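*Asks:* Next up, target06.tsv (TSV, C-alpha atoms).
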```tsv
chain	number	residue	atom	x	y	z
F	1081	MET	CA	42.71	26.51	-36.31
F	1082	ALA	CA	45.77	25.12	-38.09
F	1083	ALA	CA	46.83	21.62	-37.14
F	1084	ALA	CA	50.36	21.43	-35.78
F	1085	ARG	CA	52.60	18.48	-36.53
F	1086	GLY	CA	54.13	15.95	-34.20
F	1087	SER	CA	53.09	12.89	-32.25
F	1088	ASP	CA	52.08	15.09	-29.29
F	1089	VAL	CA	49.31	16.48	-31.51
F	1090	PHE	CA	48.28	12.95	-32.44
F	1091	GLU	CA	47.74	12.13	-28.79
F	1092	ALA	CA	45.90	15.42	-28.18
F	1093	SER	CA	43.50	14.62	-31.05
F	1094	GLN	CA	42.38	11.26	-29.61
F	1095	VAL	CA	38.68	10.87	-28.74
F	1096	ARG	CA	36.80	8.05	-27.03
F	1097	ILE	CA	33.13	7.70	-28.07
F	1098	LEU	CA	30.68	6.71	-25.32
F	1099	SER	CA	27.18	5.28	-25.34
F	1100	ALA	CA	24.31	6.98	-23.52
F	1101	SER	CA	24.88	4.52	-20.67
F	1102	GLY	CA	28.59	5.40	-20.45
F	1103	GLY	CA	30.12	2.38	-22.18
F	1104	VAL	CA	32.99	2.75	-24.64
F	1105	VAL	CA	31.82	2.05	-28.22
F	1106	GLY	CA	34.79	3.20	-30.30
F	1107	ALA	CA	37.29	5.90	-31.12
F	1108	GLY	CA	37.47	9.16	-33.03
F	1109	PHE	CA	39.75	12.13	-33.53
F	1110	LEU	CA	39.68	15.90	-33.95
F	1111	VAL	CA	39.90	17.24	-37.51
F	1112	ALA	CA	39.16	20.83	-36.44
F	1113	ALA	CA	39.01	22.59	-33.09
F	1114	ASP	CA	35.37	21.58	-32.57
F	1115	VAL	CA	34.84	18.75	-35.10
F	1116	VAL	CA	35.38	15.03	-34.44
F	1117	CYS	CA	35.63	12.38	-37.16
F	1118	THR	CA	34.61	8.79	-36.41
F	1119	CYS	CA	32.88	5.83	-38.07
F	1120	ALA	CA	29.15	6.02	-38.75
F	1121	HIS	CA	28.74	2.56	-37.22
F	1122	VAL	CA	30.40	3.79	-34.00
F	1123	VAL	CA	27.87	6.64	-33.72
F	1124	ALA	CA	25.06	4.16	-34.40
F	1125	ARG	CA	26.23	2.12	-31.40
F	1126	ALA	CA	26.55	5.25	-29.27
F	1127	VAL	CA	22.94	6.34	-29.84
F	1128	SER	CA	21.27	2.93	-30.19
F	1129	ASP	CA	19.88	3.03	-26.67
F	1130	ALA	CA	18.78	6.69	-26.85
F	1131	ALA	CA	15.43	8.08	-27.94
F	1132	GLY	CA	15.13	10.37	-30.97
F	1133	GLY	CA	16.73	10.43	-34.41
F	1134	MET	CA	20.43	10.33	-35.22
F	1135	ALA	CA	20.76	14.09	-35.80
F	1136	SER	CA	18.86	15.03	-32.63
F	1137	THR	CA	20.67	12.69	-30.24
F	1138	PRO	CA	23.74	14.09	-28.46
F	1139	VAL	CA	26.89	11.98	-28.44
F	1140	ASP	CA	29.03	11.84	-25.31
F	1141	LEU	CA	32.79	11.52	-25.60
F	1142	ASP	CA	36.03	12.27	-23.81
F	1143	PHE	CA	39.72	12.87	-24.53
F	1144	PRO	CA	41.36	9.92	-22.75
F	1145	VAL	CA	45.02	10.87	-23.27
F	1146	LEU	CA	44.65	14.49	-22.11
F	1147	SER	CA	45.29	15.41	-18.49
F	1148	GLY	CA	42.09	15.09	-16.50
F	1149	ARG	CA	40.39	13.20	-19.36
F	1150	PRO	CA	38.02	16.08	-20.21
F	1151	GLN	CA	34.51	15.12	-21.25
F	1152	ALA	CA	32.45	16.73	-24.01
F	1153	ARG	CA	29.16	16.43	-25.85
F	1154	ALA	CA	28.63	16.67	-29.61
F	1155	THR	CA	25.92	16.52	-32.26
F	1156	VAL	CA	25.99	14.73	-35.61
F	1157	VAL	CA	26.58	17.15	-38.52
F	1158	SER	CA	27.39	14.64	-41.27
F	1159	TRP	CA	26.58	10.96	-41.62
F	1160	ARG	CA	27.45	8.45	-44.30
F	1161	SER	CA	27.17	4.71	-43.77
F	1162	GLY	CA	28.23	2.00	-46.20
F	1163	GLY	CA	31.67	2.02	-47.83
F	1164	ALA	CA	32.68	5.46	-46.54
F	1165	ASP	CA	31.39	4.76	-43.01
F	1166	VAL	CA	32.14	8.31	-41.79
F	1167	ALA	CA	30.39	10.56	-39.31
F	1168	LEU	CA	31.34	14.08	-38.27
F	1169	LEU	CA	30.40	15.38	-34.83
F	1170	ARG	CA	30.46	19.03	-33.76
F	1171	LEU	CA	31.44	19.66	-30.15
F	1172	ASP	CA	29.23	21.94	-28.07
F	1173	ALA	CA	32.48	23.78	-27.23
F	1174	ALA	CA	36.17	23.34	-28.03
F	1175	VAL	CA	38.16	21.42	-25.39
F	1176	GLU	CA	41.20	23.05	-23.84
F	1177	GLY	CA	44.41	21.20	-24.72
F	1178	ALA	CA	42.86	19.19	-27.56
F	1179	ARG	CA	44.39	19.63	-31.02
F	1180	PRO	CA	43.27	18.58	-34.52
F	1181	ALA	CA	45.43	16.00	-36.24
F	1182	PRO	CA	47.35	16.79	-39.46
F	1183	LEU	CA	45.86	14.87	-42.42
F	1184	PRO	CA	48.17	13.82	-45.28
F	1185	ASP	CA	46.18	12.26	-48.14
F	1186	GLY	CA	47.10	8.68	-47.22
F	1187	THR	CA	48.43	7.64	-50.63
F	1188	GLY	CA	51.81	6.01	-51.35
F	1189	VAL	CA	52.10	4.43	-47.90
F	1190	TRP	CA	53.39	0.94	-48.73
F	1191	GLY	CA	55.89	-0.19	-46.09
F	1192	HIS	CA	55.36	2.81	-43.80
F	1193	MET	CA	55.17	2.12	-40.08
F	1194	PHE	CA	51.96	3.12	-38.32
F	1195	ARG	CA	50.50	3.34	-34.83
F	1196	VAL	CA	46.90	3.42	-33.67
F	1197	PHE	CA	45.10	3.69	-30.32
F	1198	GLY	CA	41.87	1.79	-29.66
F	1199	TYR	CA	39.58	0.29	-27.05
F	1200	PRO	CA	39.17	-3.48	-27.44
F	1201	ASP	CA	37.26	-5.58	-24.90
F	1202	HIS	CA	38.52	-5.17	-21.32
F	1203	ALA	CA	40.75	-2.22	-22.31
F	1204	ASP	CA	38.53	0.81	-21.83
F	1205	CYS	CA	41.59	2.95	-21.05
F	1206	GLY	CA	43.04	2.18	-24.48
F	1207	VAL	CA	45.71	0.04	-26.13
F	1208	TRP	CA	48.38	1.05	-28.66
F	1209	ALA	CA	48.96	-1.16	-31.71
F	1210	SER	CA	51.57	-0.71	-34.42
F	1211	GLY	CA	52.58	-2.30	-37.68
F	1212	THR	CA	53.08	-1.77	-41.39
F	1213	LEU	CA	50.86	-0.11	-43.97
F	1214	ARG	CA	50.23	-1.82	-47.31
F	1215	ALA	CA	48.15	-0.37	-50.18
F	1216	GLY	CA	44.59	0.14	-51.32
F	1217	GLN	CA	42.26	-2.72	-52.29
F	1218	GLY	CA	38.94	-3.01	-54.11
F	1219	SER	CA	36.80	-1.23	-51.52
F	1220	GLY	CA	39.04	1.83	-51.53
F	1221	TRP	CA	40.32	0.96	-48.06
F	1222	VAL	CA	44.05	0.63	-47.34
F	1223	GLN	CA	45.31	-2.60	-45.81
F	1224	MET	CA	47.46	-2.55	-42.68
F	1225	GLU	CA	49.21	-5.36	-40.84
F	1226	ALA	CA	49.62	-5.25	-37.07
F	1227	GLN	CA	53.05	-6.18	-35.75
F	1228	GLU	CA	53.22	-9.45	-33.83
F	1229	PRO	CA	53.75	-10.17	-31.02
F	1230	GLY	CA	51.61	-7.27	-29.90
F	1231	PRO	CA	47.97	-6.17	-29.86
F	1232	ARG	CA	45.91	-6.85	-32.96
F	1233	ILE	CA	43.48	-4.30	-34.34
F	1234	SER	CA	40.01	-5.51	-33.40
F	1235	GLU	CA	36.54	-4.31	-32.45
F	1236	GLY	CA	36.99	-1.20	-30.33
F	1237	PHE	CA	39.52	0.33	-32.74
F	1238	SER	CA	36.78	1.51	-35.14
F	1239	GLY	CA	37.08	5.26	-35.75
F	1240	ALA	CA	40.67	5.39	-34.50
F	1241	PRO	CA	43.09	7.60	-36.46
F	1242	VAL	CA	46.08	5.84	-38.04
F	1243	TRP	CA	49.36	7.73	-37.66
F	1244	ASP	CA	51.93	7.27	-40.46
F	1245	GLU	CA	55.41	7.63	-38.99
F	1246	ALA	CA	56.91	8.56	-42.38
F	1247	GLN	CA	54.36	11.24	-43.29
F	1248	ASP	CA	54.06	12.53	-39.70
F	1249	GLY	CA	50.27	12.66	-39.81
F	1250	VAL	CA	46.99	10.76	-39.77
F	1251	VAL	CA	46.64	8.99	-43.13
F	1252	GLY	CA	43.29	7.37	-42.41
F	1253	MET	CA	40.69	6.07	-40.00
F	1254	THR	CA	40.34	2.45	-38.86
F	1255	VAL	CA	37.13	0.96	-40.27
F	1256	ALA	CA	37.41	-2.86	-40.25
F	1257	ALA	CA	39.54	-5.84	-39.25
F	1258	HIS	CA	39.75	-9.53	-40.04
F	1259	LEU	CA	38.52	-11.56	-37.09
F	1260	GLY	CA	41.42	-13.40	-35.48
F	1261	ALA	CA	44.02	-12.06	-37.94
F	1262	SER	CA	46.60	-9.28	-37.95
F	1263	THR	CA	45.04	-7.62	-41.02
F	1264	ALA	CA	42.89	-4.49	-40.69
F	1265	TYR	CA	41.77	-1.64	-42.95
F	1266	LEU	CA	41.69	2.13	-42.91
F	1267	LEU	CA	39.68	4.67	-44.89
F	1268	PRO	CA	42.29	7.08	-46.36
F	1269	SER	CA	42.22	10.71	-45.26
F	1270	ALA	CA	41.44	11.71	-48.86
F	1271	GLY	CA	38.14	9.80	-48.61
F	1272	GLN	CA	37.27	11.56	-45.37
F	1273	ALA	CA	37.98	14.91	-47.01
F	1274	ARG	CA	35.44	14.16	-49.76
F	1275	VAL	CA	32.80	13.45	-47.11
F	1276	ARG	CA	33.61	16.72	-45.35
F	1277	ALA	CA	33.33	18.64	-48.62
F	1278	ARG	CA	29.94	17.10	-49.41
F	1279	ALA	CA	28.74	18.06	-45.94
F	1280	GLY	CA	29.42	21.69	-46.79
F	1281	HIS	CA	31.24	22.46	-43.55
F	1282	ARG	CA	34.36	24.60	-43.48
F	1283	LEU	CA	36.82	22.69	-41.31
```
Take the structure in the file and write it out as structure tokens.
*Replies:*
Amino acid sequence: MAAARGSDVFEASQVRILSASGGVVGAGFLVAADVVCTCAHVVARAVSDAAGGMASTPVDLDFPVLSGRPQARATVVSWRSGGADVALLRLDAAVEGARPAPLPDGTGVWGHMFRVFGYPDHADCGVWASGTLRAGQGSGWVQMEAQEPGPRISEGFSGAPVWDEAQDGVVGMTVAAHLGASTAYLLPSAGQARVRARAGHRL
């Protein structure tokens, strides 16, 4: 399924990752009709109170911006912790109205405006943050600065796709933030693509 462009697709790609007890543990987004990308550490939180191994434990999620907030279940098909911090989940079935996000490679983004949707404490329905993209640093992540006044990127934004207004697509996934500061980091889409290729899945 080809990903269409436009911010409406960005919203239709948004996923909220839930724990086995129903709590919100982070974000994710569709990269194919039935494949969700998120952070490995988000999946670890989602399954931490469930029995069984990572690959055998289903992950519950929903699409919070879609009408009716449809729910879905997925299984882990690729997992990489550490610097990449990426997990891919395959839905049991595609969700009507959901759309995969377009993925530019995330390079050459200095000064571009971005927006991102996450679930910090006491905001289970989601909060939008925006700001300015910077450039890559030693870890391979790209720095971003949230606009103030306005929400900072904090715990609960992990796994959230970062939309580049100039490139009209998702240039990376939120992976970390400085505590109490406006600075956060994304893993560029190019890095996610390498993880998908190693997993051997045609997306």
*Asks:* Could you check the closest approach to Asp1088 in chain F for each of F:Ala1178, F:Val1166, F:Ala1113, F:Val1122 and tell me which residue wins, using all atoms listed in the file?
*Replies:* F:Ala1178
*Asks:* Let me make sure I understand: among F:Cys1119, F:Val1145, F:Ala1181, F:Ala1203, which one has the smallest atom-to-atom distance to Leu1168 in chain F if we use all atoms listed in the file?
*Replies:*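 Answer, going by the shortest atom-to-atom distance: F:Cys1119.
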*Asks:* For Ser1238 in chain F, which residue among F:Ser1093, F:Ser1269, F:Gln1223, F:Thr1254 is the nearest when counting all atoms listed in the file?
*Replies:*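 Once distances to Ser1238 in chain F are computed over all atoms listed in the file, the minimum belongs to F:Thr1254.
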*Asks:* Distance CA of Asp1165 in chain F-CA of Gly1211 in chain F, one decimal place?
*Replies:* 23.0 Å
*Asks:* Counting only C-alpha atoms, what is within 7 Å of Phe1109 in chain F, bar same-chain residues fewer than 3 positions away, as a list of chain:residue names?
*Replies:*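 My reading of the contact set: F:Ser1093, F:Gln1094, F:Val1095, F:Val1116, F:Cys1117, F:Thr1118, F:Ala1240, F:Pro1241.
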*Asks:* For Val1111 in chain F, which residue among F:Gly1236, F:Gly1220, F:Gly1198, F:Gly1249 is the nearest when counting all atoms listed in the file?
*Replies:*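 Result for the nearest residue to Val1111 in chain F: F:Gly1249.
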*Asks:* Counting only C-alpha atoms, figure out which residue out of F:Trp1221, F:Ala1270, F:Ala1209, F:Gln1151 gets nearest to Val1255 in chain F.
*Replies:*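 For Val1255 in chain F, the nearest of the candidates is F:Trp1221.
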*Asks:* I'd like the contact shell of Glu1176 in chain F - 12 Å cut-off, only C-alpha atoms, skipping same-chain residues fewer than 5 positions apart - returned as a list of chain:residue names.
*Replies:*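 Close residues of Glu1176 in chain F: F:Ala1092, F:Ser1093, F:Ala1113, F:Asp1114, F:Asp1142, F:Phe1143, F:Leu1146, F:Ser1147, F:Gly1148, F:Arg1149, F:Pro1150, F:Gln1151, F:Ala1152.
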*Asks:* Can you write out the residues you just picked, keeping C-alpha atoms, as a PDB file, keeping the file's coordinate frame?
*Replies:*
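Below is the file that was written, again-v2.pdb:
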```
ATOM      1  CA  ALA F1092      45.900  15.420 -28.180  1.00  0.00           C
ATOM      2  CA  SER F1093      43.500  14.620 -31.050  1.00  0.00           C
ATOM      3  CA  ALA F1113      39.010  22.590 -33.090  1.00  0.00           C
ATOM      4  CA  ASP F1114      35.370  21.580 -32.570  1.00  0.00           C
ATOM      5  CA  ASP F1142      36.030  12.270 -23.810  1.00  0.00           C
ATOM      6  CA  PHE F1143      39.720  12.870 -24.530  1.00  0.00           C
ATOM      7  CA  LEU F1146      44.650  14.490 -22.110  1.00  0.00           C
ATOM      8  CA  SER F1147      45.290  15.410 -18.490  1.00  0.00           C
ATOM      9  CA  GLY F1148      42.090  15.090 -16.500  1.00  0.00           C
ATOM     10  CA  ARG F1149      40.390  13.200 -19.360  1.00  0.00           C
ATOM     11  CA  PRO F1150      38.020  16.080 -20.210  1.00  0.00           C
ATOM     12  CA  GLN F1151      34.510  15.120 -21.250  1.00  0.00           C
ATOM     13  CA  ALA F1152      32.450  16.730 -24.010  1.00  0.00           C
TER      14      ALA F1152
END
```
*Asks:* Using Å and a single decimal, report how far CA of Leu1098 in chain F sits from CA of Arg1125 in chain F.
*Replies:* 8.8 Å
*Asks:* Grab the CA of Val1127 in chain F to CA of Ala1154 in chain F distance for me, in Å with one decimal place.
*Replies:*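 According to the coordinates, CA of Val1127 in chain F and CA of Ala1154 in chain F are separated by 11.8 Å.
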*Asks:* With all atoms listed in the file as the basis for distance, which of F:Met1224, F:Ile1097, F:Ala1173, F:Ala1167 is at the shortest distance from Ala1261 in chain F?
*Replies:*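 Looking only at the distances to Ala1261 in chain F, the closest residue turns out to be F:Met1224.
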*Asks:* Can you tell me which residues surround Glu1235 in chain F at a distance of at most 9 Å, considering only C-alpha atoms, apart from same-chain residues fewer than 6 positions away, and format the answer as a PyMOL selection string?
*Replies:* chain F and resi 1105-1106+1198-1201+1256-1257+1259
*Asks:* So which residues are close to (56.3, -4.2, -33.1), meaning at most 7 Å away in the file's coordinates with only C-alpha atoms counted, and can you show them as a ChimeraX atom specification?
*Replies:* /F:1210-1211,1227-1230
*Asks:* Would you mind exporting C-alpha atoms of the selected residues as a compact mmCIF listing (two decimals), in the coordinates of the input?
*Replies:*
```txt
# COMPACT_ATOMS: atom_id res chain seq x y z
CA SER F 1210 51.57 -0.71 -34.42
CA GLY F 1211 52.58 -2.30 -37.68
CA GLN F 1227 53.05 -6.18 -35.75
CA GLU F 1228 53.22 -9.45 -33.83
CA PRO F 1229 53.75 -10.17 -31.02
CA GLY F 1230 51.61 -7.27 -29.90
```
*Asks:* Excluding Val1189 in chain F and any residue of its chain fewer than 2 positions from it, enumerate the residues within 7 Å of it, using only C-alpha atoms, and give them as number ranges by chain.
*Replies:* F: 1186-1187, 1191-1192, 1213-1215
